[in-house]
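Heads up: the structure comes next, in structure tokens.
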Amino acid sequence: MNVVNEKCEVIRNERVSSDGHILVLNSRDISRQTLPGQFVEIGCYGEDMILRRPFSVFDVSSESLSLFIKIVGKGTKWLSELNSGSIVDLIGPLGNGFTVSSKSRSLLIGGGCGIASLNLLSRKLFDSDSNSDTIFGFSKPEEIPQEVIEGFQKRANRVLVTVDKGPYPFIGNVVDRLKEIDLENYDRFYCCGPTRMLKALEPFLCKREVEVSLEARMACGIGVCYGCTISTKHGSKRVCLDGPVFKMEEVEWNEM
Ligand code: FES
């Protein structure tokens, strides 16, 4: 797989929640190589912005690549305001990606931006004749990207959504929803979201076949700066190069 630098035109920029946008970009080189769980680095060229930002790939087609942008700072705000026809500079695909097994029974668990890499994974699992269920956690109801959730509902048997603060039919975190589920129904688990969510899941899932996609601050995204290093049972690893997907059992969670 080749990492390439591609200039991509914005085809569509659609607001899907109070702080979330789907940015659809024209791409042939990166989109055709990307695996679920991989990410791209985008150059954001507004005032005081020099570093590229990492984003999990939300979806791909032979001619396009989509990203889920949650507005959390200057760079993401700048991206959320791009109009059709704008050009952005991408490097990718980066990182290792999830393992997709055919005919598996999977549970996908995501929090916040974790919905991004799980979307492409869910599509690939569906295409591989695998069954999947999904749990999503958000901070507030207005942060739920309803149309994205509906996409998951078409592919999954069951989609459970929870929010930290209501009003919403279910208030709680993803662990609360996990407790409703018989884990024996699944042979694989995929988790993506903030580190505190992954740490909370670990005691419940540590004896199982689990892949986690880690979030980290990334300056270079290509293994050069060592700014994203974590401790694992096999020594120090770089999230951008050796991950972002790791087996849950391999991460030293006490040091995260
Ligand atoms: Fe530079 Fe990972 S971000 S080594």
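Naming works like this for the structure tokens: A, B, ... for the chains as they're shown, residue 1 at the start of each chain, ligands 1 onward in shown order.
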Backbone-only DSSP, strand (DSSP E) members of stretch 103-239 of chain A, as an NGL selection string: :A and (105-111 or 131-138 or 158-163 or 188-192 or 210-213 or 229-232 or 235-238)
Could you turn the residues from that selection into a file that holds N, CA and C atoms, as an mmCIF file, in the first residue's frame?
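Output file out.cif is given in full below:
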```
data_model
loop_
_atom_site.group_PDB
_atom_site.id
_atom_site.type_symbol
_atom_site.label_atom_id
_atom_site.label_comp_id
_atom_site.auth_asym_id
_atom_site.auth_seq_id
_atom_site.Cartn_x
_atom_site.Cartn_y
_atom_site.Cartn_z
ATOM 1 N N ARG A 105 -19.645 -12.422 13.810
ATOM 2 C CA ARG A 105 -20.713 -11.741 14.556
ATOM 3 C C ARG A 105 -20.015 -10.693 15.414
ATOM 4 N N SER A 106 -20.184 -9.452 15.048
ATOM 5 C CA SER A 106 -19.377 -8.394 15.648
ATOM 6 C C SER A 106 -20.225 -7.392 16.407
ATOM 7 N N LEU A 107 -19.624 -6.858 17.458
ATOM 8 C CA LEU A 107 -20.228 -5.722 18.159
ATOM 9 C C LEU A 107 -19.294 -4.528 17.991
ATOM 10 N N LEU A 108 -19.844 -3.438 17.457
ATOM 11 C CA LEU A 108 -19.088 -2.203 17.255
ATOM 12 C C LEU A 108 -19.495 -1.220 18.350
ATOM 13 N N ILE A 109 -18.500 -0.617 19.005
ATOM 14 C CA ILE A 109 -18.792 0.324 20.088
ATOM 15 C C ILE A 109 -18.048 1.627 19.802
ATOM 16 N N GLY A 110 -18.791 2.725 19.715
ATOM 17 C CA GLY A 110 -18.157 3.993 19.362
ATOM 18 C C GLY A 110 -18.614 5.134 20.243
ATOM 19 N N GLY A 111 -17.726 6.077 20.444
ATOM 20 C CA GLY A 111 -18.069 7.285 21.189
ATOM 21 C C GLY A 111 -17.619 8.502 20.413
ATOM 22 N N ASN A 131 -22.516 -10.366 10.508
ATOM 23 C CA ASN A 131 -23.568 -9.682 11.264
ATOM 24 C C ASN A 131 -22.923 -8.733 12.254
ATOM 25 N N SER A 132 -23.537 -7.576 12.427
ATOM 26 C CA SER A 132 -22.979 -6.679 13.433
ATOM 27 C C SER A 132 -24.091 -5.936 14.165
ATOM 28 N N ASP A 133 -23.818 -5.639 15.415
ATOM 29 C CA ASP A 133 -24.646 -4.744 16.218
ATOM 30 C C ASP A 133 -23.765 -3.568 16.619
ATOM 31 N N THR A 134 -24.402 -2.478 17.028
ATOM 32 C CA THR A 134 -23.616 -1.269 17.306
ATOM 33 C C THR A 134 -24.134 -0.556 18.547
ATOM 34 N N ILE A 135 -23.202 -0.032 19.332
ATOM 35 C CA ILE A 135 -23.539 0.863 20.449
ATOM 36 C C ILE A 135 -22.805 2.184 20.217
ATOM 37 N N PHE A 136 -23.542 3.275 20.320
ATOM 38 C CA PHE A 136 -22.916 4.591 20.200
ATOM 39 C C PHE A 136 -23.211 5.446 21.418
ATOM 40 N N GLY A 137 -22.223 6.192 21.859
ATOM 41 C CA GLY A 137 -22.422 7.141 22.944
ATOM 42 C C GLY A 137 -22.079 8.549 22.485
ATOM 43 N N PHE A 138 -22.930 9.494 22.868
ATOM 44 C CA PHE A 138 -22.686 10.910 22.564
ATOM 45 C C PHE A 138 -22.876 11.718 23.841
ATOM 46 N N ARG A 158 -28.981 -4.414 15.247
ATOM 47 C CA ARG A 158 -29.410 -3.622 16.389
ATOM 48 C C ARG A 158 -28.457 -2.439 16.559
ATOM 49 N N VAL A 159 -28.996 -1.243 16.732
ATOM 50 C CA VAL A 159 -28.166 -0.061 16.993
ATOM 51 C C VAL A 159 -28.679 0.595 18.274
ATOM 52 N N LEU A 160 -27.840 0.637 19.288
ATOM 53 C CA LEU A 160 -28.215 1.240 20.571
ATOM 54 C C LEU A 160 -27.477 2.563 20.715
ATOM 55 N N VAL A 161 -28.222 3.614 21.063
ATOM 56 C CA VAL A 161 -27.596 4.936 21.215
ATOM 57 C C VAL A 161 -27.844 5.427 22.638
ATOM 58 N N THR A 162 -26.835 6.048 23.202
ATOM 59 C CA THR A 162 -26.983 6.600 24.544
ATOM 60 C C THR A 162 -26.343 7.987 24.591
ATOM 61 N N VAL A 163 -26.835 8.829 25.484
ATOM 62 C CA VAL A 163 -26.220 10.145 25.666
ATOM 63 C C VAL A 163 -25.928 10.374 27.149
ATOM 64 N N ARG A 188 -16.333 -11.119 17.728
ATOM 65 C CA ARG A 188 -15.353 -10.029 17.597
ATOM 66 C C ARG A 188 -15.956 -8.716 18.104
ATOM 67 N N PHE A 189 -15.086 -7.863 18.638
ATOM 68 C CA PHE A 189 -15.511 -6.554 19.150
ATOM 69 C C PHE A 189 -14.574 -5.495 18.573
ATOM 70 N N TYR A 190 -15.154 -4.362 18.190
ATOM 71 C CA TYR A 190 -14.365 -3.242 17.652
ATOM 72 C C TYR A 190 -14.774 -1.987 18.426
ATOM 73 N N CYS A 191 -13.791 -1.273 18.962
ATOM 74 C CA CYS A 191 -14.100 -0.088 19.776
ATOM 75 C C CYS A 191 -13.308 1.116 19.272
ATOM 76 N N CYS A 192 -13.974 2.242 19.217
ATOM 77 C CA CYS A 192 -13.308 3.462 18.757
ATOM 78 C C CYS A 192 -13.928 4.661 19.466
ATOM 79 N N VAL A 210 -10.789 -8.341 20.810
ATOM 80 C CA VAL A 210 -11.179 -6.927 20.681
ATOM 81 C C VAL A 210 -10.095 -6.125 19.963
ATOM 82 N N GLU A 211 -10.511 -5.330 19.007
ATOM 83 C CA GLU A 211 -9.610 -4.343 18.405
ATOM 84 C C GLU A 211 -10.079 -2.953 18.806
ATOM 85 N N VAL A 212 -9.128 -2.119 19.229
ATOM 86 C CA VAL A 212 -9.454 -0.744 19.602
ATOM 87 C C VAL A 212 -8.708 0.206 18.671
ATOM 88 N N SER A 213 -9.392 1.261 18.269
ATOM 89 C CA SER A 213 -8.718 2.304 17.503
ATOM 90 C C SER A 213 -8.457 3.463 18.454
ATOM 91 N N THR A 229 3.511 8.270 20.857
ATOM 92 C CA THR A 229 3.962 6.972 21.384
ATOM 93 C C THR A 229 3.130 6.528 22.582
ATOM 94 N N ILE A 230 2.802 5.250 22.620
ATOM 95 C CA ILE A 230 2.095 4.655 23.777
ATOM 96 C C ILE A 230 2.878 3.431 24.249
ATOM 97 N N SER A 231 2.561 2.971 25.466
ATOM 98 C CA SER A 231 3.183 1.747 25.987
ATOM 99 C C SER A 231 2.287 0.556 25.695
ATOM 100 N N THR A 232 2.904 -0.498 25.205
ATOM 101 C CA THR A 232 2.159 -1.747 24.988
ATOM 102 C C THR A 232 2.950 -2.890 25.615
ATOM 103 N N GLY A 235 6.342 -3.263 24.116
ATOM 104 C CA GLY A 235 7.200 -2.079 24.068
ATOM 105 C C GLY A 235 6.453 -0.861 23.564
ATOM 106 N N SER A 236 7.215 0.212 23.315
ATOM 107 C CA SER A 236 6.602 1.462 22.851
ATOM 108 C C SER A 236 6.154 1.334 21.397
ATOM 109 N N LYS A 237 5.001 1.897 21.118
ATOM 110 C CA LYS A 237 4.486 1.870 19.730
ATOM 111 C C LYS A 237 3.983 3.261 19.379
ATOM 112 N N ARG A 238 4.061 3.567 18.092
ATOM 113 C CA ARG A 238 3.507 4.830 17.607
ATOM 114 C C ARG A 238 2.088 4.594 17.095
#
```
Give me the residues of chain A that have any atom at most 10 Å from an atom of ligand 1; for each, the nearest atom pair and the distance in Å, rounded to one decimal. Use only C-alpha atoms and all ligand atoms, sort by chain and number, and format it as a tab-separated table.
```
residue	atom	partner	partner_atom_place_in_ligand_line	distance
A:Arg53	CA	ligand 1	3 (S)	9.9
A:Pro54	CA	ligand 1	3 (S)	9.0
A:Gly95	CA	ligand 1	2 (Fe)	9.7
A:Ala216	CA	ligand 1	3 (S)	8.0
A:Arg217	CA	ligand 1	3 (S)	6.8
A:Met218	CA	ligand 1	3 (S)	3.6
A:Ala219	CA	ligand 1	3 (S)	4.6
A:Cys220	CA	ligand 1	1 (Fe)	4.0
A:Gly221	CA	ligand 1	3 (S)	3.9
A:Ile222	CA	ligand 1	1 (Fe)	5.7
A:Gly223	CA	ligand 1	4 (S)	3.4
A:Val224	CA	ligand 1	4 (S)	4.5
A:Cys225	CA	ligand 1	1 (Fe)	3.8
A:Tyr226	CA	ligand 1	4 (S)	3.7
A:Gly227	CA	ligand 1	1 (Fe)	5.0
A:Cys228	CA	ligand 1	2 (Fe)	4.4
A:Thr229	CA	ligand 1	2 (Fe)	6.7
A:Ile230	CA	ligand 1	2 (Fe)	9.9
A:Lys237	CA	ligand 1	2 (Fe)	9.0
A:Arg238	CA	ligand 1	2 (Fe)	5.3
A:Val239	CA	ligand 1	2 (Fe)	5.8
A:Cys240	CA	ligand 1	2 (Fe)	4.4
A:Leu241	CA	ligand 1	2 (Fe)	6.3
A:Asp242	CA	ligand 1	2 (Fe)	8.8
A:Gly243	CA	ligand 1	2 (Fe)	9.3
A:Pro244	CA	ligand 1	2 (Fe)	9.6
```
Could you list, with a cut-off of 6 Å and counting only C-alpha atoms, the residues of stretch 89-144 of chain A near stretch 58-79 of chain A, each shown with its nearest atom pair and the distance in Å rounded to one decimal, rows sorted by chain and ascending number, as JSON lines?
```
{"residue": "A:Ala116", "atom": "CA", "partner": "A:Phe58", "partner_atom": "CA", "distance": 4.6}
{"residue": "A:Ser117", "atom": "CA", "partner": "A:Phe58", "partner_atom": "CA", "distance": 5.4}
{"residue": "A:Asn119", "atom": "CA", "partner": "A:Phe58", "partner_atom": "CA", "distance": 5.8}
{"residue": "A:Leu120", "atom": "CA", "partner": "A:Asp59", "partner_atom": "CA", "distance": 5.1}
```
Could you save the residues just selected, with N, CA and C atoms, as an mmCIF file, in the first residue's frame?
```cif
data_model
loop_
_atom_site.group_PDB
_atom_site.id
_atom_site.type_symbol
_atom_site.label_atom_id
_atom_site.label_comp_id
_atom_site.auth_asym_id
_atom_site.auth_seq_id
_atom_site.Cartn_x
_atom_site.Cartn_y
_atom_site.Cartn_z
ATOM 1 N N ALA A 116 -16.743 7.677 13.031
ATOM 2 C CA ALA A 116 -16.143 7.829 11.701
ATOM 3 C C ALA A 116 -15.529 6.527 11.197
ATOM 4 N N SER A 117 -14.606 5.953 11.940
ATOM 5 C CA SER A 117 -13.946 4.756 11.401
ATOM 6 C C SER A 117 -14.860 3.543 11.473
ATOM 7 N N ASN A 119 -17.968 3.532 10.677
ATOM 8 C CA ASN A 119 -18.895 3.553 9.549
ATOM 9 C C ASN A 119 -18.364 2.714 8.384
ATOM 10 N N LEU A 120 -17.112 2.955 8.010
ATOM 11 C CA LEU A 120 -16.551 2.184 6.901
ATOM 12 C C LEU A 120 -16.410 0.714 7.295
#
```
So that I can check the surroundings of A:Ser101, please list as a PyMOL selection string every protein, DNA and RNA residue that reaches within 8 Å of it, counting only C-alpha atoms and ignoring chain neighbours fewer than 2 positions away. chain A and resi 99+103-104+125+128+130
Just checking: using only C-alpha atoms, which residue out of A:Glu250, A:Asp89, A:Glu202, A:Glu14 ends up closest to A:Val175?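 For A:Val175, the nearest of the given residues is A:Glu202.
Here the question is which of A:Ser17, A:Thr195, A:Asn96, A:Ser80 gets nearest to A:Thr34 using only C-alpha atoms, and that residue is A:Asn96.
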So how far away is atom CA of A:Ile149 from atom CA of A:Asn26, in Å? 23.6 Å
Of the candidates A:Val4, A:Val57, A:Val174, A:Leu118, which one gets nearest to A:Leu23 if we count only C-alpha atoms? A:Val57
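Minimum atom-to-atom distance to A:Glu150, evaluated using only C-alpha atoms, belongs to A:Val16 out of A:Val16, A:Leu214, A:Ser84, A:Arg177.
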